[in-house]
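> Input structure: target.cif, which contains mmCIF, C-alpha atoms.
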```
data_structure
loop_
_atom_site.label_atom_id
_atom_site.label_comp_id
_atom_site.auth_asym_id
_atom_site.auth_seq_id
_atom_site.Cartn_x
_atom_site.Cartn_y
_atom_site.Cartn_z
CA MET A 1 48.20 -30.61 75.36
CA GLY A 2 45.59 -33.36 75.54
CA THR A 3 44.08 -32.53 78.91
CA THR A 4 41.14 -30.92 80.68
CA ALA A 5 41.04 -27.26 81.70
CA HIS A 6 39.23 -25.59 84.60
CA VAL A 7 39.37 -21.85 85.25
CA LEU A 8 38.01 -19.86 88.20
CA VAL A 9 37.98 -16.07 87.88
CA HIS A 10 36.92 -13.17 90.10
CA GLY A 11 35.88 -10.34 87.80
CA ASP A 12 34.01 -9.67 84.60
CA GLU A 13 32.47 -12.82 83.09
CA ALA A 14 34.14 -11.89 79.81
CA LEU A 15 37.42 -12.93 81.43
CA LEU A 16 36.27 -16.55 81.28
CA ASP A 17 35.83 -16.25 77.53
CA LEU A 18 39.30 -14.73 77.34
CA ALA A 19 40.76 -17.60 79.36
CA GLN A 20 39.10 -20.18 77.12
CA ALA A 21 40.38 -18.46 74.01
CA GLU A 22 43.92 -18.33 75.42
CA VAL A 23 43.91 -22.03 76.34
CA GLU A 24 42.60 -22.97 72.90
CA ARG A 25 45.20 -20.76 71.20
CA LEU A 26 48.06 -22.39 73.12
CA GLU A 27 46.63 -25.85 72.51
CA ALA A 28 46.57 -25.13 68.78
CA ALA A 29 50.22 -24.04 68.88
CA TRP A 30 51.67 -26.68 71.20
CA SER A 31 49.73 -29.93 70.84
CA ARG A 32 51.85 -32.68 69.34
CA PHE A 33 48.60 -34.42 68.37
CA ARG A 34 47.67 -31.64 65.93
CA PRO A 35 49.61 -31.88 62.65
CA THR A 36 49.21 -28.14 62.05
CA SER A 37 50.58 -27.05 65.44
CA GLU A 38 53.88 -25.21 65.70
CA VAL A 39 55.33 -28.08 67.74
CA SER A 40 54.32 -30.58 65.05
CA ARG A 41 55.85 -28.39 62.35
CA LEU A 42 59.08 -28.25 64.36
CA ASN A 43 59.14 -32.03 64.64
CA ASP A 44 58.45 -32.45 60.93
CA ALA A 45 61.07 -29.93 59.78
CA GLY A 46 63.96 -32.39 59.49
CA GLY A 47 66.57 -30.03 60.90
CA ARG A 48 65.34 -26.85 59.17
CA TRP A 49 64.51 -23.53 60.83
CA VAL A 50 60.81 -23.00 61.56
CA ALA A 51 59.10 -19.65 62.16
CA VAL A 52 57.09 -19.81 65.40
CA SER A 53 55.17 -17.48 67.69
CA PRO A 54 56.75 -15.72 70.68
CA ASP A 55 54.91 -18.14 72.98
CA THR A 56 56.56 -21.12 71.30
CA VAL A 57 59.96 -19.45 71.46
CA LEU A 58 59.35 -19.05 75.20
CA LEU A 59 58.27 -22.70 75.50
CA VAL A 60 61.45 -23.98 73.86
CA GLU A 61 63.69 -21.60 75.82
CA ARG A 62 62.11 -22.63 79.13
CA ALA A 63 62.39 -26.31 78.20
CA ILE A 64 66.10 -25.98 77.46
CA LEU A 65 66.65 -24.14 80.76
CA ALA A 66 64.65 -26.76 82.63
CA SER A 67 66.78 -29.56 81.22
CA VAL A 68 69.96 -27.77 82.28
CA VAL A 69 68.91 -26.93 85.85
CA THR A 70 67.53 -30.44 86.49
CA GLU A 71 70.73 -31.98 85.10
CA GLY A 72 68.79 -33.79 82.39
CA ARG A 73 66.13 -35.35 84.61
CA PHE A 74 63.67 -33.31 82.59
CA ASP A 75 64.33 -33.58 78.86
CA PRO A 76 61.92 -32.22 76.22
CA THR A 77 63.52 -34.38 73.52
CA VAL A 78 62.17 -37.73 74.77
CA LEU A 79 59.37 -37.68 72.20
CA GLY A 80 60.64 -40.81 70.48
CA ASP A 81 60.73 -42.67 73.78
CA VAL A 82 57.23 -41.49 74.68
CA ILE A 83 55.92 -42.76 71.34
CA ARG A 84 57.74 -46.08 71.68
CA ALA A 85 56.19 -46.50 75.12
CA GLY A 86 52.80 -46.30 73.40
CA TYR A 87 51.79 -42.69 74.01
CA ASP A 88 51.52 -41.95 70.30
CA ARG A 89 48.05 -40.39 70.27
CA ASP A 90 45.69 -38.46 72.52
CA PHE A 91 45.51 -40.30 75.84
CA ALA A 92 41.77 -40.94 75.50
CA LEU A 93 42.69 -43.17 72.53
CA VAL A 94 45.77 -44.81 74.07
CA ALA A 95 43.95 -46.93 76.64
CA ALA A 96 41.22 -47.89 74.16
CA ARG A 97 43.44 -49.28 71.43
CA ASP A 98 44.70 -52.79 70.78
CA ALA A 99 47.22 -53.45 73.57
CA ALA A 100 49.64 -55.06 71.10
CA SER A 101 49.49 -52.43 68.36
CA PRO A 102 52.99 -51.26 67.39
CA SER A 103 54.17 -47.70 67.83
CA PRO A 104 55.15 -45.86 64.64
CA ALA A 105 58.67 -44.88 63.69
CA SER A 106 59.85 -42.06 65.92
CA PRO A 107 62.83 -39.75 66.58
CA LEU A 108 65.90 -41.30 68.18
CA ARG A 109 68.11 -38.40 69.32
CA ARG A 110 67.89 -37.08 72.89
CA GLY A 111 69.39 -33.95 74.42
CA VAL A 112 68.86 -30.19 74.18
CA ASP A 113 72.43 -29.23 73.20
CA GLY A 114 71.71 -28.96 69.50
CA ILE A 115 68.45 -27.01 69.71
CA GLU A 116 68.80 -23.48 68.33
CA VAL A 117 66.50 -20.54 69.16
CA ASP A 118 66.51 -17.22 67.32
CA ALA A 119 64.22 -15.16 69.53
CA ALA A 120 64.82 -11.95 67.55
CA HIS A 121 63.46 -13.52 64.35
CA GLY A 122 60.96 -15.89 66.02
CA ALA A 123 62.48 -19.13 64.80
CA VAL A 124 63.56 -22.49 66.22
CA ARG A 125 65.62 -25.31 64.74
CA LEU A 126 65.69 -28.86 66.04
CA PRO A 127 68.56 -31.10 64.96
CA ALA A 128 67.51 -33.77 62.49
CA GLY A 129 66.30 -36.84 64.37
CA THR A 130 65.25 -34.86 67.45
CA GLY A 131 61.62 -34.73 68.57
CA PHE A 132 60.33 -32.00 70.89
CA ASP A 133 57.66 -33.01 73.43
CA PRO A 134 55.98 -30.17 75.40
CA GLY A 135 54.74 -32.70 77.96
CA GLY A 136 56.17 -32.02 81.40
CA ILE A 137 56.31 -28.24 80.91
CA GLY A 138 53.58 -27.14 78.47
CA LYS A 139 50.59 -27.26 80.80
CA GLY A 140 52.40 -25.35 83.53
CA LEU A 141 53.67 -22.68 81.16
CA ALA A 142 50.24 -22.36 79.54
CA ALA A 143 48.69 -21.87 82.99
CA ASP A 144 51.27 -19.14 83.66
CA LEU A 145 50.45 -17.33 80.43
CA VAL A 146 46.69 -17.53 80.93
CA ALA A 147 46.94 -16.40 84.56
CA GLY A 148 49.19 -13.52 83.57
CA ARG A 149 46.75 -12.39 80.89
CA LEU A 150 43.79 -12.49 83.30
CA ASP A 151 45.78 -10.61 85.93
CA ALA A 152 46.71 -7.94 83.39
CA GLU A 153 43.07 -7.61 82.33
CA GLY A 154 41.98 -6.80 85.89
CA ALA A 155 40.90 -10.11 87.42
CA ALA A 156 40.82 -9.84 91.22
CA GLY A 157 41.78 -13.49 91.39
CA ALA A 158 42.14 -16.48 89.11
CA LEU A 159 43.02 -20.16 89.39
CA ILE A 160 44.03 -21.97 86.23
CA ASN A 161 43.95 -25.78 86.36
CA LEU A 162 45.32 -27.53 83.29
CA GLY A 163 45.27 -31.27 83.85
CA GLY A 164 46.11 -30.88 87.55
CA ASP A 165 48.83 -28.27 87.07
CA LEU A 166 47.61 -25.12 88.81
CA ARG A 167 48.59 -21.45 88.68
CA ALA A 168 47.03 -18.92 91.07
CA VAL A 169 46.91 -15.13 91.10
CA GLY A 170 44.94 -12.85 93.41
CA TYR A 171 42.52 -14.13 96.04
CA GLY A 172 40.23 -17.14 96.32
CA PRO A 173 36.43 -17.44 96.55
CA ASP A 174 36.22 -16.33 100.20
CA GLY A 175 38.65 -13.46 99.83
CA ASP A 176 41.47 -15.59 101.23
CA ASP A 177 44.29 -17.56 99.66
CA TRP A 178 43.41 -20.46 97.39
CA ALA A 179 42.99 -23.78 99.25
CA ILE A 180 44.08 -26.72 97.07
CA GLU A 181 43.76 -30.42 97.86
CA LEU A 182 46.55 -32.76 96.82
CA ASP A 183 45.17 -36.09 95.62
CA PRO A 184 47.62 -37.69 93.14
CA ALA A 185 45.67 -40.93 92.87
CA ALA A 186 42.30 -39.16 92.37
CA SER A 187 41.03 -41.26 95.27
CA GLY A 188 38.75 -38.62 96.75
CA LEU A 189 40.89 -38.73 99.91
CA PRO A 190 43.46 -35.94 99.54
CA LEU A 191 46.84 -36.36 101.17
CA ALA A 192 47.02 -32.72 102.21
CA THR A 193 45.49 -29.29 101.64
CA VAL A 194 47.77 -26.37 100.89
CA SER A 195 47.26 -22.63 100.82
CA LEU A 196 48.40 -20.76 97.72
CA GLU A 197 48.30 -16.99 97.22
CA ARG A 198 50.31 -16.31 94.08
CA GLY A 199 52.20 -19.23 92.70
CA ALA A 200 51.80 -22.71 91.31
CA ILE A 201 51.50 -26.35 92.21
CA ALA A 202 51.91 -29.34 89.91
CA THR A 203 51.76 -33.10 90.40
CA SER A 204 53.42 -35.92 88.46
CA THR A 205 52.42 -39.48 89.18
CA THR A 206 52.74 -43.00 87.80
CA LEU A 207 49.40 -43.90 89.41
CA ARG A 208 47.43 -42.46 86.49
CA ARG A 209 47.85 -42.30 82.71
CA ARG A 210 48.81 -45.96 82.56
CA TRP A 211 48.19 -48.42 79.74
CA GLU A 212 49.27 -51.84 78.54
CA LEU A 213 51.42 -52.47 75.49
CA ASP A 214 53.06 -55.75 74.51
CA ASP A 215 51.80 -57.30 77.77
CA GLU A 216 53.58 -54.63 79.82
CA VAL A 217 52.03 -51.88 81.96
CA ARG A 218 53.52 -48.53 80.97
CA HIS A 219 53.11 -44.87 81.85
CA HIS A 220 53.97 -41.50 80.30
CA LEU A 221 56.81 -40.36 82.60
CA ILE A 222 60.01 -41.20 80.74
CA ASP A 223 63.38 -41.41 82.48
CA PRO A 224 65.75 -39.65 80.04
CA ALA A 225 68.64 -41.78 81.31
CA THR A 226 67.01 -44.99 80.07
CA GLY A 227 64.42 -43.86 77.52
CA ARG A 228 61.82 -45.99 79.29
CA PRO A 229 58.98 -45.27 81.72
CA ALA A 230 60.55 -44.27 85.05
CA VAL A 231 60.90 -47.01 87.65
CA GLY A 232 61.98 -45.92 91.11
CA ASP A 233 61.00 -45.47 94.71
CA LEU A 234 58.43 -42.71 94.08
CA VAL A 235 54.91 -42.91 92.65
CA ALA A 236 53.93 -39.23 92.96
CA ALA A 237 55.48 -35.79 93.42
CA SER A 238 53.62 -32.53 94.09
CA VAL A 239 55.73 -29.37 93.86
CA LEU A 240 54.98 -25.78 94.86
CA ALA A 241 56.92 -23.09 92.98
CA ALA A 242 56.59 -19.50 91.86
CA HIS A 243 55.58 -20.42 88.31
CA GLY A 244 53.62 -23.25 86.77
CA TRP A 245 56.34 -24.34 84.36
CA GLN A 246 58.81 -24.60 87.25
CA ALA A 247 56.41 -26.65 89.37
CA GLU A 248 55.59 -29.03 86.51
CA VAL A 249 59.21 -29.56 85.54
CA LEU A 250 60.35 -30.15 89.12
CA ALA A 251 57.50 -32.57 89.85
CA LYS A 252 58.55 -34.75 86.91
CA ALA A 253 62.26 -34.38 87.64
CA ALA A 254 61.82 -35.28 91.32
CA LEU A 255 59.82 -38.39 90.47
CA VAL A 256 62.49 -39.49 87.99
CA ALA A 257 65.32 -38.67 90.44
CA GLY A 258 63.90 -40.69 93.34
CA LEU A 259 63.29 -39.83 96.96
CA GLU A 260 66.57 -38.48 98.29
CA ALA A 261 67.82 -36.88 95.08
CA GLY A 262 64.33 -35.53 94.37
CA LEU A 263 64.05 -33.76 97.72
CA THR A 264 67.55 -32.32 97.28
CA LEU A 265 66.80 -31.11 93.74
CA VAL A 266 63.54 -29.39 94.70
CA GLU A 267 65.06 -27.63 97.71
CA ARG A 268 68.20 -26.61 95.79
CA LEU A 269 66.03 -24.85 93.22
CA GLY A 270 64.01 -22.98 95.85
CA ALA A 271 60.75 -24.92 95.68
CA ASP A 272 58.89 -27.24 98.06
CA ALA A 273 57.36 -30.67 97.58
CA LEU A 274 55.32 -33.54 98.93
CA LEU A 275 56.65 -36.87 97.62
CA VAL A 276 54.92 -40.24 97.85
CA ASP A 277 57.03 -43.39 97.85
CA ARG A 278 55.97 -46.75 96.46
CA HIS A 279 54.90 -47.92 99.92
CA GLY A 280 52.55 -44.95 100.26
CA ALA A 281 54.62 -43.00 102.80
CA LEU A 282 54.74 -39.20 102.48
CA HIS A 283 57.93 -37.14 102.45
CA ARG A 284 58.01 -33.34 102.68
CA THR A 285 60.69 -30.76 102.00
CA ALA A 286 61.62 -28.69 105.02
CA GLY A 287 59.61 -25.67 103.86
CA PHE A 288 56.45 -27.50 102.80
CA ALA A 289 54.79 -27.06 106.21
CA ARG A 290 54.35 -23.32 105.75
CA PHE A 291 51.88 -23.96 102.91
CA GLU A 292 50.06 -26.87 104.55
CA ILE A 293 46.58 -26.26 106.02
CA SER A 294 45.74 -29.85 106.90
CA ARG A 295 46.90 -33.42 106.52
CA THR A 296 44.01 -35.69 105.63
CA LYS A 297 46.00 -38.92 105.64
CA GLU A 298 49.60 -40.02 105.81
CA ALA A 299 49.75 -42.58 103.03
CA ILE A 300 48.24 -43.87 99.83
CA ALA A 301 46.86 -47.33 100.34
#
```
Any chance you could put this one into structure tokens?

Amino acid sequence: MGTTAHVLVHGDEALLDLAQAEVERLEAAWSRFRPTSEVSRLNDAGGRWVAVSPDTVLLVERAILASVVTEGRFDPTVLGDVIRAGYDRDFALVAARDAASPSPASPLRRGVDGIEVDAAHGAVRLPAGTGFDPGGIGKGLAADLVAGRLDAEGAAGALINLGGDLRAVGYGPDGDDWAIELDPAASGLPLATVSLERGAIATSTTLRRRWELDDEVRHHLIDPATGRPAVGDLVAASVLAAHGWQAEVLAKAALVAGLEAGLTLVERLGADALLVDRHGALHRTAGFARFEISRTKEAIA
């Protein structure tokens, strides 16, 4: 998944080891940067069925559902477009490389219609020419799975943070709900602080994970309608939802959709959001206030 992981747990210290093992297990299965991962084997299969774990079956099923409910604003088959934009290796290596280096050949076909899942036999088939990218859903779903495992093992509370996508269960350090600062630009000046008991929050932004390729500044959030990095009136979207995969998907979909359509989409699907437009103004869904503890500032400079 190519990101950092932070885990807070109330309970036996052995639960931290369990959380680390779970994150590493999912990374090994889902990273598109590991040639032996199940996702890489799917992408290399050339239209053949591939035996995968139950977790990967769940990942693909959730990704298909997410594409349908967001009306294609989230699409897990944009791998070719992501690679052509220059995100063809772990992000730590993207910014460091020659800015003019070409991207390798990559899949061309977009759309989830042809993906087949045989959950009973633990197998998935991608149409030839289709590339599956777990970005935009994988971190959130992984946080859900890790949090669920810790909860089942008796943790009184846990907060899983995978690259800024968070999933909470139980209570926070002071015995209260988890207090989470929203700071899409990593400025040290959060836009708001929200209270989270059992649920998730995820942020997508064009303010980070940027690089230059062919004298053009690019980022990793692809608009499936164009196959290019999204360009619109939003620069960040933070979404609160019941599950991490839902929050991550809706954050990306809202940013791609734009301000008005993004707010409508998030509310229609029963979530809440804080959106930041390109002028730095903040826009909240109607229900966001019930989670908000404080507002530190009203804009990104």
> Do you know which residues the PyMOL selection byres ((chain A and resi 160) around 8) returns on this file, as a PyMOL selection string?
chain A and resi 5-8+143+146-147+158-159+161-162+165-168
> List every residue of stretch 111-220 of chain A that has an atom at most 8 Å from any atom of stretch 26-43 of chain A, and for each one report the closest atom pair and its distance in Å to one decimal, counting all atoms listed in the file, with rows sorted by chain and then by increasing residue number, as JSON lines.

```
{"residue": "A:Val124", "atom": "CA", "partner": "A:Leu42", "partner_atom": "CA", "distance": 7.5}
{"residue": "A:Arg125", "atom": "CA", "partner": "A:Leu42", "partner_atom": "CA", "distance": 7.2}
{"residue": "A:Leu126", "atom": "CA", "partner": "A:Leu42", "partner_atom": "CA", "distance": 6.8}
{"residue": "A:Thr130", "atom": "CA", "partner": "A:Asn43", "partner_atom": "CA", "distance": 7.3}
{"residue": "A:Gly131", "atom": "CA", "partner": "A:Asn43", "partner_atom": "CA", "distance": 5.4}
{"residue": "A:Phe132", "atom": "CA", "partner": "A:Asn43", "partner_atom": "CA", "distance": 6.4}
{"residue": "A:Asp133", "atom": "CA", "partner": "A:Arg32", "partner_atom": "CA", "distance": 7.1}
{"residue": "A:Pro134", "atom": "CA", "partner": "A:Trp30", "partner_atom": "CA", "distance": 7.0}
{"residue": "A:Gly138", "atom": "CA", "partner": "A:Trp30", "partner_atom": "CA", "distance": 7.5}
{"residue": "A:Ala142", "atom": "CA", "partner": "A:Leu26", "partner_atom": "CA", "distance": 6.8}
```
> Residues picked by the PyMOL selection byres ((chain A and resi 268-274) around 7) here, as number ranges by chain?
A: 237-241, 264-267, 275-276, 282-285, 287-288
> Once the PyMOL selection byres ((chain A and resi 136) around 8) has been applied to the shown file, what residues remain in the selection, as a tab-separated table (two decimals) with C-alpha atoms, in the coordinates of the input?

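Contents of part-v8.tsv, freshly written:
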```tsv
chain	number	residue	atom	x	y	z
A	74	PHE	CA	63.67	-33.31	82.59
A	76	PRO	CA	61.92	-32.22	76.22
A	134	PRO	CA	55.98	-30.17	75.40
A	135	GLY	CA	54.74	-32.70	77.96
A	137	ILE	CA	56.31	-28.24	80.91
A	138	GLY	CA	53.58	-27.14	78.47
A	139	LYS	CA	50.59	-27.26	80.80
A	140	GLY	CA	52.40	-25.35	83.53
A	248	GLU	CA	55.59	-29.03	86.51
A	249	VAL	CA	59.21	-29.56	85.54
A	252	LYS	CA	58.55	-34.75	86.91
```
> Could you tell me how far atom CA of A:Val117 lies from atom CA of A:Val60, in Å and to one decimal?
7.7 Å
> Calculate how many Å separate atom CA of A:Ala251 from atom CA of A:Ile115, rounding to one decimal.
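According to the coordinates, atom CA of A:Ala251 and atom CA of A:Ile115 are separated by 23.6 Å.
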> Work out how far atom CA of A:Leu191 is from atom CA of A:Pro229, in Å to one decimal.
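If I compute the distance from atom CA of A:Pro229 to atom CA of A:Leu191, I get 24.6 Å.
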> Under the rule that all atoms listed in the file are counted, which of A:Asp118, A:Asp176, A:Asp12, A:Asp144 is the nearest residue to A:Ala51?
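Closest to A:Ala51 of all the choices is A:Asp118.
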> I need the residue nearest A:Arg290 from this list: A:Ala236, A:Ala247, A:Ala261, A:Val194. Use all atoms listed in the file for the distance.
A:Val194
> Skipping near chain neighbours, those fewer than 4 positions away, what residues fall within 12 Å of A:Gly172 using all atoms listed in the file, listed as number ranges by chain?
A: 8-11, 155-160, 168, 176-180, 195-198
> Env of A:Gly72: 9 Å cut, atoms = only C-alpha atoms, seq-sep filter 5 positions within chain, self excluded. Answer as an mmCIF file with C-alpha atoms, in the frame of the given file.

```cif
data_model
loop_
_atom_site.group_PDB
_atom_site.id
_atom_site.type_symbol
_atom_site.label_atom_id
_atom_site.label_comp_id
_atom_site.auth_asym_id
_atom_site.auth_seq_id
_atom_site.Cartn_x
_atom_site.Cartn_y
_atom_site.Cartn_z
ATOM 1 C CA ALA A 66 64.650 -26.760 82.630
ATOM 2 C CA SER A 67 66.780 -29.560 81.220
ATOM 3 C CA GLY A 111 69.390 -33.950 74.420
ATOM 4 C CA VAL A 112 68.860 -30.190 74.180
ATOM 5 C CA PRO A 224 65.750 -39.650 80.040
ATOM 6 C CA ALA A 225 68.640 -41.780 81.310
ATOM 7 C CA ALA A 253 62.260 -34.380 87.640
#
```
> Within 12 Å of (60.3, -45.8, 88.6), in the coordinates the file gives, what residues turn up when you count all atoms listed in the file, written out as an mmCIF file with C-alpha atoms, in the coordinates of the input?

```cif
data_model
loop_
_atom_site.group_PDB
_atom_site.id
_atom_site.type_symbol
_atom_site.label_atom_id
_atom_site.label_comp_id
_atom_site.auth_asym_id
_atom_site.auth_seq_id
_atom_site.Cartn_x
_atom_site.Cartn_y
_atom_site.Cartn_z
ATOM 1 C CA THR A 205 52.420 -39.480 89.180
ATOM 2 C CA THR A 206 52.740 -43.000 87.800
ATOM 3 C CA LEU A 207 49.400 -43.900 89.410
ATOM 4 C CA ARG A 218 53.520 -48.530 80.970
ATOM 5 C CA HIS A 219 53.110 -44.870 81.850
ATOM 6 C CA HIS A 220 53.970 -41.500 80.300
ATOM 7 C CA LEU A 221 56.810 -40.360 82.600
ATOM 8 C CA ILE A 222 60.010 -41.200 80.740
ATOM 9 C CA ASP A 223 63.380 -41.410 82.480
ATOM 10 C CA PRO A 224 65.750 -39.650 80.040
ATOM 11 C CA ALA A 225 68.640 -41.780 81.310
ATOM 12 C CA THR A 226 67.010 -44.990 80.070
ATOM 13 C CA GLY A 227 64.420 -43.860 77.520
ATOM 14 C CA ARG A 228 61.820 -45.990 79.290
ATOM 15 C CA PRO A 229 58.980 -45.270 81.720
ATOM 16 C CA ALA A 230 60.550 -44.270 85.050
ATOM 17 C CA VAL A 231 60.900 -47.010 87.650
ATOM 18 C CA GLY A 232 61.980 -45.920 91.110
ATOM 19 C CA ASP A 233 61.000 -45.470 94.710
ATOM 20 C CA LEU A 234 58.430 -42.710 94.080
ATOM 21 C CA VAL A 235 54.910 -42.910 92.650
ATOM 22 C CA ALA A 236 53.930 -39.230 92.960
ATOM 23 C CA LYS A 252 58.550 -34.750 86.910
ATOM 24 C CA ALA A 253 62.260 -34.380 87.640
ATOM 25 C CA ALA A 254 61.820 -35.280 91.320
ATOM 26 C CA LEU A 255 59.820 -38.390 90.470
ATOM 27 C CA VAL A 256 62.490 -39.490 87.990
ATOM 28 C CA ALA A 257 65.320 -38.670 90.440
ATOM 29 C CA GLY A 258 63.900 -40.690 93.340
ATOM 30 C CA LEU A 259 63.290 -39.830 96.960
ATOM 31 C CA ASP A 277 57.030 -43.390 97.850
ATOM 32 C CA ARG A 278 55.970 -46.750 96.460
#
```
> Which residue, A:Gly262, A:Pro127, A:Gly170, A:Gly122, has the smallest gap to A:Val57 when you use all atoms listed in the file?
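Going through A:Gly262, A:Pro127, A:Gly170, A:Gly122 one by one, the smallest distance to A:Val57 is for A:Gly122.
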